[in-house]
Amino acid sequence: MGTRRFDGTDSAPAPGYTLTGVDGKPYRSDTAGRFGGYRRGRIYGRLDCPSALRHIARGNYVRHRVFFADEATAVAAGYRPCSVCLPHRHRAWREGEAS
């Protein structure tokens, strides 16, 4: 199903995926993102993260969910690793933050 345009005509949804770039802005991609994030908390993690899936099941996160092509892009956009699904990376991030 398409979307309604301002001129009253229907438009087909754009094919592909919406990912977030290093500048924090969305862009279209033919390839799905490998990591998901929560914009308000500036957290990124695996798509199968148990914590994120619990929040999504309760109806949280959905409006503020973003996706990244890779981990480097998430970090460059200013997101931190999830402590649940990426505990080693989160620990390293915390240790780096303290210095």
# chains A, B, ... in the order shown; residues from 1 in each chain; ligands from 1
call {"tool": "residues_around", "arguments": {"residues": "A:Arg34", "least_positions_apart": "3", "cutoff": "8 Å", "atoms": "only C-alpha atoms", "output": "ChimeraX atom specification"}}
result
/A:46-47,67-71
call {"tool": "residues_around", "arguments": {"residues": "A:Thr73", "least_positions_apart": "6", "cutoff": "9 Å", "atoms": "only C-alpha atoms", "output": "JSON, numbers by chain"}}
result
{"A": [20, 21, 22, 23, 79]}
call {"tool": "select_by_dssp", "arguments": {"residues": "chain A", "states": "strand (DSSP E or B)", "output": "number ranges by chain"}}
result
A: 3-4, 10-11, 17-20, 26-29, 35-38, 43-46, 65-68, 80-81
call {"tool": "write_last_selection", "arguments": {"atoms": "C-alpha atoms", "output": "mmCIF file, in the first residue's frame"}}
result
data_model
loop_
_atom_site.group_PDB
_atom_site.id
_atom_site.type_symbol
_atom_site.label_atom_id
_atom_site.label_comp_id
_atom_site.auth_asym_id
_atom_site.auth_seq_id
_atom_site.Cartn_x
_atom_site.Cartn_y
_atom_site.Cartn_z
ATOM 1 C CA THR A 3 1.191 6.755 0.809
ATOM 2 C CA ARG A 4 -0.970 9.771 0.017
ATOM 3 C CA ASP A 10 -0.894 7.887 -4.367
ATOM 4 C CA SER A 11 2.779 7.004 -4.386
ATOM 5 C CA TYR A 17 15.533 -0.085 3.867
ATOM 6 C CA THR A 18 15.959 3.119 5.853
ATOM 7 C CA LEU A 19 19.277 3.180 7.696
ATOM 8 C CA THR A 20 20.991 5.847 9.793
ATOM 9 C CA PRO A 26 18.346 8.547 7.509
ATOM 10 C CA TYR A 27 19.183 7.239 4.046
ATOM 11 C CA ARG A 28 17.806 4.527 1.760
ATOM 12 C CA SER A 29 19.710 1.285 1.255
ATOM 13 C CA PHE A 35 22.350 -3.414 14.008
ATOM 14 C CA GLY A 36 19.365 -1.693 15.572
ATOM 15 C CA GLY A 37 19.322 1.307 17.837
ATOM 16 C CA TYR A 38 17.160 3.370 20.140
ATOM 17 C CA ILE A 43 22.058 2.789 22.278
ATOM 18 C CA TYR A 44 22.767 0.262 19.521
ATOM 19 C CA GLY A 45 22.772 -3.525 19.602
ATOM 20 C CA ARG A 46 22.076 -6.734 17.769
ATOM 21 C CA ARG A 65 14.006 2.703 16.397
ATOM 22 C CA VAL A 66 16.870 3.226 13.949
ATOM 23 C CA PHE A 67 19.019 0.813 11.981
ATOM 24 C CA PHE A 68 22.689 0.835 11.064
ATOM 25 C CA ARG A 80 26.892 3.348 22.640
ATOM 26 C CA PRO A 81 26.808 -0.473 22.755
#
call {"tool": "select_by_dssp", "arguments": {"residues": "stretch 45-98 of chain A", "states": "helix (DSSP H, G or I)", "output": "PyMOL selection string"}}
result
chain A and resi 50-57+62-64+71-76+87-98
call {"tool": "decode", "arguments": {"residues": "stretch 35-84 of chain A", "atoms": "N, CA and C atoms", "output": "tab-separated table (two decimals), in the first residue's frame"}}
result
chain	number	residue	atom	x	y	z
A	35	PHE	N	22.51	-3.80	12.61
A	35	PHE	CA	22.35	-3.41	14.01
A	35	PHE	C	21.16	-2.48	14.14
A	36	GLY	N	20.48	-2.58	15.28
A	36	GLY	CA	19.37	-1.69	15.57
A	36	GLY	C	19.74	-0.75	16.69
A	37	GLY	N	19.03	0.35	16.79
A	37	GLY	CA	19.32	1.31	17.84
A	37	GLY	C	18.07	1.98	18.36
A	38	TYR	N	18.23	2.61	19.50
A	38	TYR	CA	17.16	3.37	20.14
A	38	TYR	C	17.61	4.82	20.16
A	39	ARG	N	16.99	5.64	19.31
A	39	ARG	CA	17.41	7.02	19.12
A	39	ARG	C	17.44	7.83	20.40
A	40	ARG	N	16.42	7.70	21.24
A	40	ARG	CA	16.34	8.52	22.46
A	40	ARG	C	17.44	8.17	23.46
A	41	GLY	N	17.80	6.90	23.57
A	41	GLY	CA	18.83	6.48	24.51
A	41	GLY	C	20.22	6.43	23.91
A	42	ARG	N	20.30	6.63	22.57
A	42	ARG	CA	21.58	6.57	21.84
A	42	ARG	C	22.30	5.25	22.11
A	43	ILE	N	21.53	4.14	22.04
A	43	ILE	CA	22.06	2.79	22.28
A	43	ILE	C	21.91	1.99	20.99
A	44	TYR	N	22.90	1.18	20.66
A	44	TYR	CA	22.77	0.26	19.52
A	44	TYR	C	23.06	-1.15	19.99
A	45	GLY	N	22.53	-2.13	19.26
A	45	GLY	CA	22.77	-3.53	19.60
A	45	GLY	C	22.37	-4.45	18.47
A	46	ARG	N	22.45	-5.73	18.76
A	46	ARG	CA	22.08	-6.73	17.77
A	46	ARG	C	20.57	-6.68	17.52
A	47	LEU	N	20.15	-7.11	16.36
A	47	LEU	CA	18.72	-7.11	16.03
A	47	LEU	C	17.94	-8.11	16.87
A	48	ASP	N	18.63	-9.12	17.40
A	48	ASP	CA	17.96	-10.12	18.23
A	48	ASP	C	18.17	-9.87	19.73
A	49	CYS	N	18.51	-8.66	20.11
A	49	CYS	CA	18.77	-8.33	21.51
A	49	CYS	C	17.52	-8.61	22.36
A	50	PRO	N	17.64	-9.42	23.41
A	50	PRO	CA	16.49	-9.74	24.25
A	50	PRO	C	15.86	-8.51	24.90
A	51	SER	N	16.69	-7.56	25.32
A	51	SER	CA	16.16	-6.36	25.96
A	51	SER	C	15.35	-5.52	24.98
A	52	ALA	N	15.89	-5.30	23.80
A	52	ALA	CA	15.18	-4.51	22.79
A	52	ALA	C	13.88	-5.21	22.39
A	53	LEU	N	13.94	-6.52	22.19
A	53	LEU	CA	12.74	-7.26	21.79
A	53	LEU	C	11.65	-7.19	22.86
A	54	ARG	N	12.03	-7.20	24.13
A	54	ARG	CA	11.05	-7.05	25.21
A	54	ARG	C	10.39	-5.68	25.14
A	55	HIS	N	11.20	-4.63	24.97
A	55	HIS	CA	10.65	-3.27	24.88
A	55	HIS	C	9.73	-3.12	23.67
A	56	ILE	N	10.14	-3.68	22.55
A	56	ILE	CA	9.33	-3.59	21.33
A	56	ILE	C	8.02	-4.33	21.52
A	57	ALA	N	8.05	-5.49	22.17
A	57	ALA	CA	6.83	-6.27	22.41
A	57	ALA	C	5.83	-5.49	23.27
A	58	ARG	N	6.35	-4.62	24.14
A	58	ARG	CA	5.47	-3.80	24.99
A	58	ARG	C	5.03	-2.51	24.29
A	59	GLY	N	5.50	-2.32	23.06
A	59	GLY	CA	5.12	-1.13	22.31
A	59	GLY	C	6.07	0.03	22.47
A	60	ASN	N	7.16	-0.18	23.18
A	60	ASN	CA	8.17	0.87	23.35
A	60	ASN	C	9.19	0.77	22.21
A	61	TYR	N	10.02	1.78	22.09
A	61	TYR	CA	11.13	1.82	21.13
A	61	TYR	C	10.69	2.00	19.68
A	62	VAL	N	9.53	1.48	19.31
A	62	VAL	CA	9.18	1.38	17.90
A	62	VAL	C	9.28	2.72	17.18
A	63	ARG	N	8.75	3.77	17.74
A	63	ARG	CA	8.79	5.09	17.10
A	63	ARG	C	10.19	5.67	17.03
A	64	HIS	N	11.07	5.21	17.90
A	64	HIS	CA	12.41	5.77	17.99
A	64	HIS	C	13.50	4.77	17.56
A	65	ARG	N	13.08	3.75	16.83
A	65	ARG	CA	14.01	2.70	16.40
A	65	ARG	C	14.74	3.16	15.15
A	66	VAL	N	16.04	2.93	15.11
A	66	VAL	CA	16.87	3.23	13.95
A	66	VAL	C	17.69	1.99	13.62
A	67	PHE	N	18.23	1.96	12.42
A	67	PHE	CA	19.02	0.81	11.98
A	67	PHE	C	20.32	1.29	11.36
A	68	PHE	N	21.36	0.50	11.56
A	68	PHE	CA	22.69	0.84	11.06
A	68	PHE	C	23.22	-0.28	10.18
A	69	ALA	N	23.97	0.09	9.17
A	69	ALA	CA	24.58	-0.90	8.27
A	69	ALA	C	25.60	-1.75	9.02
A	70	ASP	N	26.34	-1.10	9.94
A	70	ASP	CA	27.38	-1.82	10.67
A	70	ASP	C	27.64	-1.11	12.00
A	71	GLU	N	28.47	-1.75	12.79
A	71	GLU	CA	28.76	-1.23	14.12
A	71	GLU	C	29.55	0.08	14.07
A	72	ALA	N	30.47	0.18	13.13
A	72	ALA	CA	31.29	1.40	13.01
A	72	ALA	C	30.41	2.62	12.75
A	73	THR	N	29.38	2.46	11.95
A	73	THR	CA	28.47	3.57	11.66
A	73	THR	C	27.70	3.98	12.91
A	74	ALA	N	27.25	3.00	13.69
A	74	ALA	CA	26.53	3.30	14.93
A	74	ALA	C	27.41	4.09	15.89
A	75	VAL	N	28.65	3.68	16.05
A	75	VAL	CA	29.59	4.36	16.94
A	75	VAL	C	29.86	5.77	16.43
A	76	ALA	N	30.09	5.90	15.11
A	76	ALA	CA	30.38	7.21	14.52
A	76	ALA	C	29.19	8.16	14.66
A	77	ALA	N	27.97	7.62	14.70
A	77	ALA	CA	26.77	8.44	14.86
A	77	ALA	C	26.54	8.81	16.32
A	78	GLY	N	27.39	8.32	17.22
A	78	GLY	CA	27.29	8.71	18.62
A	78	GLY	C	26.49	7.77	19.51
A	79	TYR	N	26.30	6.54	19.06
A	79	TYR	CA	25.56	5.55	19.85
A	79	TYR	C	26.53	4.70	20.65
A	80	ARG	N	26.07	4.20	21.80
A	80	ARG	CA	26.89	3.35	22.64
A	80	ARG	C	26.38	1.91	22.56
A	81	PRO	N	27.23	0.93	22.82
A	81	PRO	CA	26.81	-0.47	22.75
A	81	PRO	C	25.85	-0.85	23.89
A	82	CYS	N	24.95	-1.75	23.59
A	82	CYS	CA	23.99	-2.27	24.57
A	82	CYS	C	24.71	-3.16	25.57
A	83	SER	N	24.37	-3.02	26.83
A	83	SER	CA	25.02	-3.84	27.87
A	83	SER	C	24.46	-5.26	27.91
A	84	VAL	N	23.31	-5.49	27.31
A	84	VAL	CA	22.70	-6.82	27.34
A	84	VAL	C	23.24	-7.70	26.22
